file my_file_0.txt (compact mmCIF, C-alpha atoms)
# COMPACT_ATOMS: atom_id res chain seq x y z
CA MET A 11 129.15 75.74 96.95
CA THR A 12 127.38 72.39 96.89
CA SER A 13 124.63 71.58 94.45
CA ARG A 14 121.10 70.70 95.50
CA SER A 15 121.40 67.15 94.17
CA LYS A 16 124.22 66.37 96.64
CA LEU A 17 122.22 67.67 99.60
CA GLY A 18 119.09 65.63 98.90
CA VAL A 19 115.46 66.64 99.04
CA PRO A 20 113.91 68.16 102.18
CA ILE A 21 111.78 65.93 104.42
CA TYR A 22 108.85 67.30 106.45
CA TYR A 23 106.78 66.08 109.39
CA MET A 24 103.19 67.23 108.93
CA GLU A 25 99.92 67.11 110.83
CA ALA A 26 97.15 66.65 108.26
CA ARG A 27 93.38 66.19 108.09
CA VAL A 28 92.82 62.80 106.45
CA ALA A 29 89.43 61.42 105.45
CA TYR A 30 88.58 57.83 104.62
CA LYS A 31 85.38 56.17 103.53
CA LYS A 32 84.06 52.93 105.02
CA GLY A 33 80.72 51.86 103.64
CA LYS A 34 78.70 55.02 103.06
CA VAL A 35 80.21 56.96 105.97
CA VAL A 36 83.15 59.35 105.59
CA HIS A 37 85.39 59.65 108.67
CA GLU A 38 87.89 62.49 109.09
CA LEU A 39 90.83 62.35 111.50
CA PRO A 40 94.03 64.25 112.22
CA MET A 41 97.04 62.12 111.24
CA TRP A 42 100.80 62.54 111.10
CA ILE A 43 102.64 62.28 107.78
CA VAL A 44 106.37 62.22 107.06
CA SER A 45 107.01 63.05 103.43
CA ARG A 46 109.07 65.11 101.03
CA TYR A 47 105.85 66.44 99.45
CA THR A 48 103.96 69.29 101.12
CA GLU A 49 100.76 69.51 99.04
CA PRO A 50 97.84 67.11 99.67
CA MET A 51 97.48 66.12 96.00
CA ASP A 52 101.23 65.47 95.69
CA ILE A 53 101.09 63.18 98.73
CA ILE A 54 98.13 61.26 97.29
CA ASN A 55 99.61 60.92 93.79
CA LYS A 56 103.35 60.59 94.40
CA ASP A 57 104.01 59.26 97.92
CA ALA A 58 103.09 55.56 97.76
CA LYS A 59 104.75 54.69 101.08
CA THR A 60 102.68 57.21 103.07
CA MET A 61 99.46 56.20 101.34
CA ARG A 62 100.20 52.51 102.02
CA ARG A 63 100.72 53.30 105.73
CA LEU A 64 97.44 55.24 105.89
CA ASN A 65 95.68 52.43 104.02
CA ASN A 66 96.92 49.83 106.52
CA THR A 67 96.03 52.08 109.46
CA PHE A 68 92.45 52.72 108.37
CA TYR A 69 91.49 49.47 106.65
CA GLY A 70 93.90 46.71 107.70
CA ASN A 71 94.43 43.57 105.63
CA SER A 72 90.99 41.99 105.85
CA TYR A 73 88.75 44.83 104.56
CA LYS A 74 87.07 43.70 101.32
CA GLY A 75 85.26 46.89 100.25
CA LYS A 76 86.50 49.81 98.19
CA ARG A 77 89.31 51.74 99.88
CA MET A 78 89.22 55.51 99.55
CA ILE A 79 91.64 57.85 101.36
CA MET A 80 91.79 61.63 100.93
CA VAL A 81 94.35 64.02 102.39
CA ARG A 82 92.15 67.08 102.89
CA SER A 83 94.59 69.67 104.25
CA ILE A 84 97.96 70.17 105.90
CA GLU A 85 97.54 71.70 109.37
CA SER A 86 101.20 72.14 110.34
CA LYS A 87 104.57 71.48 108.75
CA LEU A 88 107.95 70.93 110.43
CA TYR A 89 111.23 70.65 108.52
CA LEU A 90 113.12 67.51 109.63
CA GLY A 91 116.16 67.44 107.40
CA ARG A 92 117.29 66.21 104.01
CA ALA A 93 117.19 62.75 102.46
CA SER A 94 120.55 61.11 101.81
CA GLN A 95 121.28 60.22 98.21
call {"tool": "encode", "arguments": {"input": "my_file_0.txt", "output": "structure tokens"}}
result
Amino acid sequence: MTSRSKLGVPIYYMEARVAYKKGKVVHELPMWIVSRYTEPMDIINKDAKTMRRLNNTFYGNSYKGKRMIMVRSIESKLYLGRASQ
């Protein structure tokens, strides 16, 4: 039997409700996320690559104001496979 460390961590494709704030207005959109984390707070706190992609999608490089992104909920989750280690 193989150990879990040799198999790698599971990776999921998720549809999520993501909110971002521009000025005083909060916008909420459905977005796709590929991550090994399945909880919204885990994605915000631990998945820097996904948050960087969302940041670039919503704000771009030239936005000078405060950037605020919130993953509100996970709508659907699909298992893709395991990460190679």
call {"tool": "atom_distance", "arguments": {"input": "my_file_0.txt", "atom1": "CA of Ile79 (chain A)", "atom2": "CA of Pro40 (chain A)"}}
result
12.8 Å
call {"tool": "axis_aligned_box", "arguments": {"input": "my_file_0.txt", "around": "region 22-27 of chain A", "padding_each_side": "8 Å", "output": "AutoDock Vina command-line options"}}
result
--center_x 101.1 --center_y 66.7 --center_z 108.6 --size_x 31.5 --size_y 17.2 --size_z 20.4
call {"tool": "closest_residue", "arguments": {"input": "my_file_0.txt", "among": "A:Lys76, A:Lys87, A:Lys56, A:Arg63", "to": "Met24 (chain A)", "atoms": "all atoms listed in the file"}}
result
A:Lys87
call {"tool": "atom_distance", "arguments": {"input": "my_file_0.txt", "atom1": "CA of Met51 (chain A)", "atom2": "CA of Val19 (chain A)"}}
result
18.2 Å
call {"tool": "closest_residue", "arguments": {"input": "my_file_0.txt", "among": "A:Met78, A:Leu90, A:Val28, A:Val44", "to": "Thr60 (chain A)", "atoms": "all atoms listed in the file"}}
result
A:Val44
call {"tool": "closest_residue", "arguments": {"input": "my_file_0.txt", "among": "A:Ala58, A:Ile53, A:Met80, A:Ala93", "to": "Arg27 (chain A)", "atoms": "all atoms listed in the file"}}
result
A:Met80
call {"tool": "closest_residue", "arguments": {"input": "my_file_0.txt", "among": "A:Leu17, A:Ser83, A:Ser94, A:Tyr22", "to": "Met41 (chain A)", "atoms": "only C-alpha atoms"}}
result
A:Ser83
call {"tool": "atom_distance", "arguments": {"input": "my_file_0.txt", "atom1": "CA of Ile54 (chain A)", "atom2": "CA of Tyr69 (chain A)"}}
result
16.5 Å
call {"tool": "closest_residue", "arguments": {"input": "my_file_0.txt", "among": "A:Asn55, A:Arg92, A:Val81, A:Asn71", "to": "Glu38 (chain A)", "atoms": "all atoms listed in the file"}}
result
A:Val81
call {"tool": "closest_residue", "arguments": {"input": "my_file_0.txt", "among": "A:Ile43, A:His37, A:Lys31, A:Pro20", "to": "Ser86 (chain A)", "atoms": "only C-alpha atoms"}}
result
A:Ile43
call {"tool": "residues_around", "arguments": {"input": "my_file_0.txt", "residues": "Trp42 (chain A)", "least_positions_apart": "3", "cutoff": "8 Å", "atoms": "only C-alpha atoms", "output": "CSV table (one decimal) with C-alpha atoms, keeping the file's coordinate frame"}}
result
chain,number,residue,atom,x,y,z
A,23,TYR,CA,106.8,66.1,109.4
A,24,MET,CA,103.2,67.2,108.9
A,25,GLU,CA,99.9,67.1,110.8
A,26,ALA,CA,97.2,66.6,108.3
call {"tool": "decode", "arguments": {"input": "my_file_0.txt", "residues": "chain A", "atoms": "C-alpha atoms", "output": "PDB file, in the first residue's frame"}}
result
ATOM      1  CA  MET A  11       0.000   0.000   0.000  1.00  0.00           C
ATOM      2  CA  THR A  12       1.331   3.443  -0.893  1.00  0.00           C
ATOM      3  CA  SER A  13       1.432   6.288   1.573  1.00  0.00           C
ATOM      4  CA  ARG A  14      -0.441   9.538   1.084  1.00  0.00           C
ATOM      5  CA  SER A  15       2.775  11.552   0.764  1.00  0.00           C
ATOM      6  CA  LYS A  16       3.779   9.609  -2.369  1.00  0.00           C
ATOM      7  CA  LEU A  17       0.402  10.195  -4.026  1.00  0.00           C
ATOM      8  CA  GLY A  18       0.349  13.962  -3.509  1.00  0.00           C
ATOM      9  CA  VAL A  19      -2.461  16.216  -2.406  1.00  0.00           C
ATOM     10  CA  PRO A  20      -5.823  16.294  -4.228  1.00  0.00           C
ATOM     11  CA  ILE A  21      -6.517  19.166  -6.632  1.00  0.00           C
ATOM     12  CA  TYR A  22     -10.039  20.515  -7.216  1.00  0.00           C
ATOM     13  CA  TYR A  23     -11.720  22.678  -9.845  1.00  0.00           C
ATOM     14  CA  MET A  24     -14.332  24.858  -8.161  1.00  0.00           C
ATOM     15  CA  GLU A  25     -16.965  27.386  -9.147  1.00  0.00           C
ATOM     16  CA  ALA A  26     -17.049  30.045  -6.431  1.00  0.00           C
ATOM     17  CA  ARG A  27     -18.793  33.327  -5.606  1.00  0.00           C
ATOM     18  CA  VAL A  28     -16.038  35.934  -5.388  1.00  0.00           C
ATOM     19  CA  ALA A  29     -16.559  39.532  -4.285  1.00  0.00           C
ATOM     20  CA  TYR A  30     -14.191  42.447  -4.796  1.00  0.00           C
ATOM     21  CA  LYS A  31     -14.372  46.067  -3.776  1.00  0.00           C
ATOM     22  CA  LYS A  32     -13.579  48.963  -6.100  1.00  0.00           C
ATOM     23  CA  GLY A  33     -14.108  52.360  -4.551  1.00  0.00           C
ATOM     24  CA  LYS A  34     -17.154  52.088  -2.307  1.00  0.00           C
ATOM     25  CA  VAL A  35     -18.954  49.505  -4.450  1.00  0.00           C
ATOM     26  CA  VAL A  36     -18.759  45.750  -3.817  1.00  0.00           C
ATOM     27  CA  HIS A  37     -19.092  43.575  -6.939  1.00  0.00           C
ATOM     28  CA  GLU A  38     -19.824  39.845  -6.735  1.00  0.00           C
ATOM     29  CA  LEU A  39     -19.158  37.424  -9.599  1.00  0.00           C
ATOM     30  CA  PRO A  40     -18.976  33.685 -10.195  1.00  0.00           C
ATOM     31  CA  MET A  41     -15.361  32.664 -10.871  1.00  0.00           C
ATOM     32  CA  TRP A  42     -13.454  29.437 -11.422  1.00  0.00           C
ATOM     33  CA  ILE A  43     -10.724  28.379  -9.002  1.00  0.00           C
ATOM     34  CA  VAL A  44      -8.243  25.515  -9.235  1.00  0.00           C
ATOM     35  CA  SER A  45      -6.790  24.767  -5.821  1.00  0.00           C
ATOM     36  CA  ARG A  46      -5.942  22.061  -3.339  1.00  0.00           C
ATOM     37  CA  TYR A  47      -7.960  23.914  -0.670  1.00  0.00           C
ATOM     38  CA  THR A  48     -11.743  23.569  -0.579  1.00  0.00           C
ATOM     39  CA  GLU A  49     -12.762  26.115   2.086  1.00  0.00           C
ATOM     40  CA  PRO A  50     -13.059  29.837   1.227  1.00  0.00           C
ATOM     41  CA  MET A  51     -10.906  30.985   4.163  1.00  0.00           C
ATOM     42  CA  ASP A  52      -8.197  28.436   3.320  1.00  0.00           C
ATOM     43  CA  ILE A  53      -8.087  29.715  -0.261  1.00  0.00           C
ATOM     44  CA  ILE A  54      -7.792  33.328   0.920  1.00  0.00           C
ATOM     45  CA  ASN A  55      -5.120  32.616   3.547  1.00  0.00           C
ATOM     46  CA  LYS A  56      -3.055  29.803   2.028  1.00  0.00           C
ATOM     47  CA  ASP A  57      -3.370  29.836  -1.785  1.00  0.00           C
ATOM     48  CA  ALA A  58      -1.280  32.820  -2.918  1.00  0.00           C
ATOM     49  CA  LYS A  59      -1.262  31.794  -6.592  1.00  0.00           C
ATOM     50  CA  THR A  60      -5.069  31.758  -6.874  1.00  0.00           C
ATOM     51  CA  MET A  61      -5.409  35.051  -5.013  1.00  0.00           C
ATOM     52  CA  ARG A  62      -2.776  36.654  -7.270  1.00  0.00           C
ATOM     53  CA  ARG A  63      -4.711  35.491 -10.355  1.00  0.00           C
ATOM     54  CA  LEU A  64      -7.974  36.904  -8.979  1.00  0.00           C
ATOM     55  CA  ASN A  65      -6.196  40.136  -8.049  1.00  0.00           C
ATOM     56  CA  ASN A  66      -4.848  40.551 -11.594  1.00  0.00           C
ATOM     57  CA  THR A  67      -8.238  39.675 -13.095  1.00  0.00           C
ATOM     58  CA  PHE A  68     -10.200  42.208 -11.056  1.00  0.00           C
ATOM     59  CA  TYR A  69      -7.735  45.056 -10.626  1.00  0.00           C
ATOM     60  CA  GLY A  70      -4.946  44.746 -13.208  1.00  0.00           C
ATOM     61  CA  ASN A  71      -1.556  46.376 -12.754  1.00  0.00           C
ATOM     62  CA  SER A  72      -2.517  50.043 -12.811  1.00  0.00           C
ATOM     63  CA  TYR A  73      -5.149  50.192 -10.016  1.00  0.00           C
ATOM     64  CA  LYS A  74      -3.847  52.437  -7.216  1.00  0.00           C
ATOM     65  CA  GLY A  75      -6.576  52.014  -4.571  1.00  0.00           C
ATOM     66  CA  LYS A  76      -6.934  49.411  -1.853  1.00  0.00           C
ATOM     67  CA  ARG A  77      -7.435  45.900  -3.209  1.00  0.00           C
ATOM     68  CA  MET A  78      -9.929  43.711  -1.381  1.00  0.00           C
ATOM     69  CA  ILE A  79     -10.984  40.243  -2.595  1.00  0.00           C
ATOM     70  CA  MET A  80     -13.295  37.859  -0.725  1.00  0.00           C
ATOM     71  CA  VAL A  81     -14.155  34.278  -1.638  1.00  0.00           C
ATOM     72  CA  ARG A  82     -17.723  34.134  -0.356  1.00  0.00           C
ATOM     73  CA  SER A  83     -18.741  30.534  -1.076  1.00  0.00           C
ATOM     74  CA  ILE A  84     -17.929  27.447  -3.101  1.00  0.00           C
ATOM     75  CA  GLU A  85     -20.800  26.601  -5.469  1.00  0.00           C
ATOM     76  CA  SER A  86     -19.473  23.360  -6.978  1.00  0.00           C
ATOM     77  CA  LYS A  87     -16.382  21.211  -6.605  1.00  0.00           C
ATOM     78  CA  LEU A  88     -14.856  18.741  -9.081  1.00  0.00           C
ATOM     79  CA  TYR A  89     -11.936  16.454  -8.248  1.00  0.00           C
ATOM     80  CA  LEU A  90      -9.216  16.778 -10.919  1.00  0.00           C
ATOM     81  CA  GLY A  91      -6.431  14.567  -9.660  1.00  0.00           C
ATOM     82  CA  ARG A  92      -3.401  14.665  -7.404  1.00  0.00           C
ATOM     83  CA  ALA A  93      -0.368  16.954  -7.400  1.00  0.00           C
ATOM     84  CA  SER A  94       2.949  15.335  -8.243  1.00  0.00           C
ATOM     85  CA  GLN A  95       5.617  15.551  -5.575  1.00  0.00           C
TER      86      GLN A  95
END
